Amino acid sequence: MEDSVIIELYWQRSEAAISESRSKYQRYCTVIADNILHCPEDTEECLDDTWLRAWDAIPPHKPDRLSVFLGKITRNLAIDRYRKSRAEKYGKGQIALCLDELAECVGTDETITDDLALKTALDGFLQELDGETKDIFMLRYWYMFSIKEIADRLSKSDGAVKMSLQRTRSKLKSYLEQEGFTL
């Protein structure tokens, strides 16, 4: 079913919207949540919460891309669940590592207060990256794959992935400073 039809079902408040969303995007959202939580039970609960959040958010929101909208909800819910648990067994420490790595170039919640401006700046930065560099960056910081998982997925060495991420974080930091962010 087309995304526009699914979104229209949400606007009509038809429960079929949830079943269609689940049918089309469960696998995609599962990957996102599982890479953060690494616990099937928590992932399943996170997905159930995703469908409920989508139901509550549409309307009034009308997403341009349903996959991105649902992926963002799933990611945010999974990170919230991770932060609540803070147990090392969840995420095998990848979440803390990813957040620490990014804190070097985007700051912390206390230093960045304008989320919309940051989002706009990040979008601009990502558009400037070449395909492979962007893939590595997104796999690490959006999907939160480990260095090894990224290397295996892209047939690269761990060192090549680490170097790419280090260089990209450095470029991101410079880019954000040029955009007027104080880090």
# chains A, B, ... in the order shown; residues from 1 in each chain; ligands from 1
call {"tool": "residues_around", "arguments": {"residues": "A:Arg81", "least_positions_apart": "5", "cutoff": "9 Å", "atoms": "only C-alpha atoms", "output": "PyMOL selection string"}}
result
chain A and resi 37+42+46+76+86
call {"tool": "write_last_selection", "arguments": {"atoms": "all heavy atoms", "output": "mmCIF file, in the first residue's frame"}}
result
data_model
loop_
_atom_site.group_PDB
_atom_site.id
_atom_site.type_symbol
_atom_site.label_atom_id
_atom_site.label_comp_id
_atom_site.auth_asym_id
_atom_site.auth_seq_id
_atom_site.Cartn_x
_atom_site.Cartn_y
_atom_site.Cartn_z
ATOM 1 N N LEU A 37 18.673 -1.400 21.299
ATOM 2 C CA LEU A 37 18.277 -2.106 22.518
ATOM 3 C C LEU A 37 18.879 -3.505 22.666
ATOM 4 O O LEU A 37 19.114 -3.959 23.774
ATOM 5 C CB LEU A 37 16.745 -2.198 22.583
ATOM 6 C CG LEU A 37 16.029 -0.848 22.620
ATOM 7 C CD1 LEU A 37 14.532 -1.036 22.429
ATOM 8 C CD2 LEU A 37 16.327 -0.123 23.915
ATOM 9 N N ASP A 42 12.276 -5.778 24.499
ATOM 10 C CA ASP A 42 12.267 -4.318 24.498
ATOM 11 C C ASP A 42 12.000 -3.775 23.100
ATOM 12 O O ASP A 42 11.298 -2.778 22.931
ATOM 13 C CB ASP A 42 13.594 -3.758 25.023
ATOM 14 C CG ASP A 42 13.731 -3.928 26.533
ATOM 15 O OD1 ASP A 42 12.722 -4.236 27.198
ATOM 16 O OD2 ASP A 42 14.855 -3.738 27.034
ATOM 17 N N CYS A 46 8.944 -1.409 22.024
ATOM 18 C CA CYS A 46 9.260 -0.154 21.351
ATOM 19 C C CYS A 46 8.450 -0.014 20.059
ATOM 20 O O CYS A 46 7.913 1.060 19.756
ATOM 21 C CB CYS A 46 10.753 -0.093 21.068
ATOM 22 S SG CYS A 46 11.299 1.465 20.369
ATOM 23 N N ASN A 76 13.829 7.382 18.557
ATOM 24 C CA ASN A 76 13.701 8.187 19.766
ATOM 25 C C ASN A 76 13.158 7.364 20.936
ATOM 26 O O ASN A 76 13.632 7.496 22.074
ATOM 27 C CB ASN A 76 12.836 9.412 19.514
ATOM 28 C CG ASN A 76 13.521 10.423 18.617
ATOM 29 O OD1 ASN A 76 14.740 10.405 18.458
ATOM 30 N ND2 ASN A 76 12.739 11.291 18.005
ATOM 31 N N ARG A 86 19.834 2.232 31.187
ATOM 32 C CA ARG A 86 21.262 2.527 31.385
ATOM 33 C C ARG A 86 22.096 1.298 31.746
ATOM 34 O O ARG A 86 23.230 1.406 32.197
ATOM 35 C CB ARG A 86 21.471 3.566 32.481
ATOM 36 C CG ARG A 86 21.361 4.969 32.048
ATOM 37 C CD ARG A 86 22.447 5.267 31.074
ATOM 38 N NE ARG A 86 22.706 6.686 31.043
ATOM 39 C CZ ARG A 86 23.179 7.302 30.022
ATOM 40 N NH1 ARG A 86 23.476 6.652 28.941
ATOM 41 N NH2 ARG A 86 23.386 8.574 30.060
#
call {"tool": "residues_around", "arguments": {"residues": "stretch 14-20 of chain A", "least_positions_apart": "4", "cutoff": "12 Å", "atoms": "only C-alpha atoms", "output": "list in words"}}
result
Met1, Glu2, Asp3, Ser4, Val5, Ile6, Ile7, Glu8, Leu9, Tyr10, Lys24, Tyr25, Gln26, Leu47, Asp48, Asp49, Thr50, Trp51, Leu52, Arg53, Ala54, Trp55, Asp56, Ile58, Pro59, Leu66 and Leu70 of chain A
call {"tool": "write_last_selection", "arguments": {"atoms": "N, CA and C atoms", "output": "PDB file, in the first residue's frame"}}
result
ATOM      1  N   MET A   1       0.844  -1.178   0.000  1.00  0.00           N
ATOM      2  CA  MET A   1       0.000   0.000   0.000  1.00  0.00           C
ATOM      3  C   MET A   1       0.890   1.243   0.000  1.00  0.00           C
ATOM      4  N   GLU A   2       0.518   2.225  -0.753  1.00  0.00           N
ATOM      5  CA  GLU A   2       1.275   3.474  -0.857  1.00  0.00           C
ATOM      6  C   GLU A   2       1.226   4.240   0.466  1.00  0.00           C
ATOM      7  N   ASP A   3       2.310   4.949   0.766  1.00  0.00           N
ATOM      8  CA  ASP A   3       2.374   5.734   1.991  1.00  0.00           C
ATOM      9  C   ASP A   3       1.262   6.772   2.067  1.00  0.00           C
ATOM     10  N   SER A   4       0.962   7.404   0.956  1.00  0.00           N
ATOM     11  CA  SER A   4      -0.082   8.436   0.962  1.00  0.00           C
ATOM     12  C   SER A   4      -1.435   7.848   1.373  1.00  0.00           C
ATOM     13  N   VAL A   5      -1.697   6.625   0.994  1.00  0.00           N
ATOM     14  CA  VAL A   5      -2.950   5.960   1.372  1.00  0.00           C
ATOM     15  C   VAL A   5      -2.930   5.632   2.866  1.00  0.00           C
ATOM     16  N   ILE A   6      -1.794   5.180   3.356  1.00  0.00           N
ATOM     17  CA  ILE A   6      -1.676   4.868   4.788  1.00  0.00           C
ATOM     18  C   ILE A   6      -1.865   6.140   5.605  1.00  0.00           C
ATOM     19  N   ILE A   7      -1.243   7.228   5.179  1.00  0.00           N
ATOM     20  CA  ILE A   7      -1.383   8.497   5.897  1.00  0.00           C
ATOM     21  C   ILE A   7      -2.839   8.949   5.878  1.00  0.00           C
ATOM     22  N   GLU A   8      -3.496   8.768   4.767  1.00  0.00           N
ATOM     23  CA  GLU A   8      -4.921   9.134   4.686  1.00  0.00           C
ATOM     24  C   GLU A   8      -5.753   8.291   5.654  1.00  0.00           C
ATOM     25  N   LEU A   9      -5.379   7.012   5.836  1.00  0.00           N
ATOM     26  CA  LEU A   9      -6.084   6.169   6.809  1.00  0.00           C
ATOM     27  C   LEU A   9      -5.912   6.721   8.231  1.00  0.00           C
ATOM     28  N   TYR A  10      -4.709   7.218   8.543  1.00  0.00           N
ATOM     29  CA  TYR A  10      -4.505   7.861   9.850  1.00  0.00           C
ATOM     30  C   TYR A  10      -5.424   9.073   9.985  1.00  0.00           C
ATOM     31  N   LYS A  24       4.057  -2.833   6.501  1.00  0.00           N
ATOM     32  CA  LYS A  24       5.039  -2.286   5.571  1.00  0.00           C
ATOM     33  C   LYS A  24       6.367  -1.943   6.229  1.00  0.00           C
ATOM     34  N   TYR A  25       6.356  -1.492   7.501  1.00  0.00           N
ATOM     35  CA  TYR A  25       7.566  -0.926   8.104  1.00  0.00           C
ATOM     36  C   TYR A  25       8.064  -1.640   9.358  1.00  0.00           C
ATOM     37  N   GLN A  26       7.463  -2.766   9.721  1.00  0.00           N
ATOM     38  CA  GLN A  26       7.907  -3.449  10.937  1.00  0.00           C
ATOM     39  C   GLN A  26       9.370  -3.877  10.856  1.00  0.00           C
ATOM     40  N   LEU A  47       8.314  -1.104  19.319  1.00  0.00           N
ATOM     41  CA  LEU A  47       7.538  -1.063  18.081  1.00  0.00           C
ATOM     42  C   LEU A  47       6.062  -0.830  18.363  1.00  0.00           C
ATOM     43  N   ASP A  48       5.540  -1.480  19.406  1.00  0.00           N
ATOM     44  CA  ASP A  48       4.147  -1.235  19.779  1.00  0.00           C
ATOM     45  C   ASP A  48       3.940   0.242  20.116  1.00  0.00           C
ATOM     46  N   ASP A  49       4.899   0.822  20.834  1.00  0.00           N
ATOM     47  CA  ASP A  49       4.825   2.245  21.168  1.00  0.00           C
ATOM     48  C   ASP A  49       4.945   3.117  19.924  1.00  0.00           C
ATOM     49  N   THR A  50       5.718   2.655  18.937  1.00  0.00           N
ATOM     50  CA  THR A  50       5.864   3.407  17.688  1.00  0.00           C
ATOM     51  C   THR A  50       4.521   3.568  16.998  1.00  0.00           C
ATOM     52  N   TRP A  51       3.776   2.475  16.882  1.00  0.00           N
ATOM     53  CA  TRP A  51       2.488   2.546  16.187  1.00  0.00           C
ATOM     54  C   TRP A  51       1.526   3.454  16.948  1.00  0.00           C
ATOM     55  N   LEU A  52       1.568   3.388  18.279  1.00  0.00           N
ATOM     56  CA  LEU A  52       0.709   4.244  19.089  1.00  0.00           C
ATOM     57  C   LEU A  52       1.093   5.718  18.920  1.00  0.00           C
ATOM     58  N   ARG A  53       2.397   6.009  18.937  1.00  0.00           N
ATOM     59  CA  ARG A  53       2.860   7.395  18.741  1.00  0.00           C
ATOM     60  C   ARG A  53       2.462   7.915  17.364  1.00  0.00           C
ATOM     61  N   ALA A  54       2.582   7.064  16.361  1.00  0.00           N
ATOM     62  CA  ALA A  54       2.188   7.483  15.013  1.00  0.00           C
ATOM     63  C   ALA A  54       0.694   7.809  14.994  1.00  0.00           C
ATOM     64  N   TRP A  55      -0.100   6.978  15.646  1.00  0.00           N
ATOM     65  CA  TRP A  55      -1.547   7.203  15.726  1.00  0.00           C
ATOM     66  C   TRP A  55      -1.841   8.553  16.384  1.00  0.00           C
ATOM     67  N   ASP A  56      -1.100   8.859  17.442  1.00  0.00           N
ATOM     68  CA  ASP A  56      -1.311  10.116  18.165  1.00  0.00           C
ATOM     69  C   ASP A  56      -0.799  11.329  17.390  1.00  0.00           C
ATOM     70  N   ILE A  58      -0.429  11.597  13.896  1.00  0.00           N
ATOM     71  CA  ILE A  58      -1.056  11.823  12.587  1.00  0.00           C
ATOM     72  C   ILE A  58      -2.565  11.718  12.771  1.00  0.00           C
ATOM     73  N   PRO A  59      -3.373  12.700  12.580  1.00  0.00           N
ATOM     74  CA  PRO A  59      -3.049  14.111  12.538  1.00  0.00           C
ATOM     75  C   PRO A  59      -2.617  14.615  13.914  1.00  0.00           C
ATOM     76  N   LEU A  66       6.713   8.615   5.204  1.00  0.00           N
ATOM     77  CA  LEU A  66       6.246   7.824   6.338  1.00  0.00           C
ATOM     78  C   LEU A  66       7.362   6.975   6.924  1.00  0.00           C
ATOM     79  N   LEU A  70       8.287   7.205  10.850  1.00  0.00           N
ATOM     80  CA  LEU A  70       8.207   6.054  11.755  1.00  0.00           C
ATOM     81  C   LEU A  70       9.588   5.668  12.281  1.00  0.00           C
TER      82      LEU A  70
END
call {"tool": "select_by_dssp", "arguments": {"residues": "stretch 7-133 of chain A", "states": "alpha helix (DSSP H)", "output": "ChimeraX atom specification"}}
result
/A:7-11,16-37,40-57,66-85,94-106,115-128,131-133
call {"tool": "closest_residue", "arguments": {"among": "A:Ile150, A:Ile79, A:Leu126, A:Leu165", "to": "A:Thr43", "atoms": "only C-alpha atoms"}}
result
A:Ile79
call {"tool": "residues_around", "arguments": {"residues": "A:Asp158", "least_positions_apart": "5", "cutoff": "8 Å", "atoms": "only C-alpha atoms", "output": "number ranges by chain"}}
result
A: 147-148, 151
call {"tool": "closest_residue", "arguments": {"among": "A:Tyr141, A:Arg167, A:Arg153, A:Ser174", "to": "A:Asp100", "atoms": "only C-alpha atoms"}}
result
A:Tyr141
call {"tool": "atom_distance", "arguments": {"atom1": "atom CA of A:Lys173", "atom2": "atom CA of A:Phe137"}}
result
13.6 Å
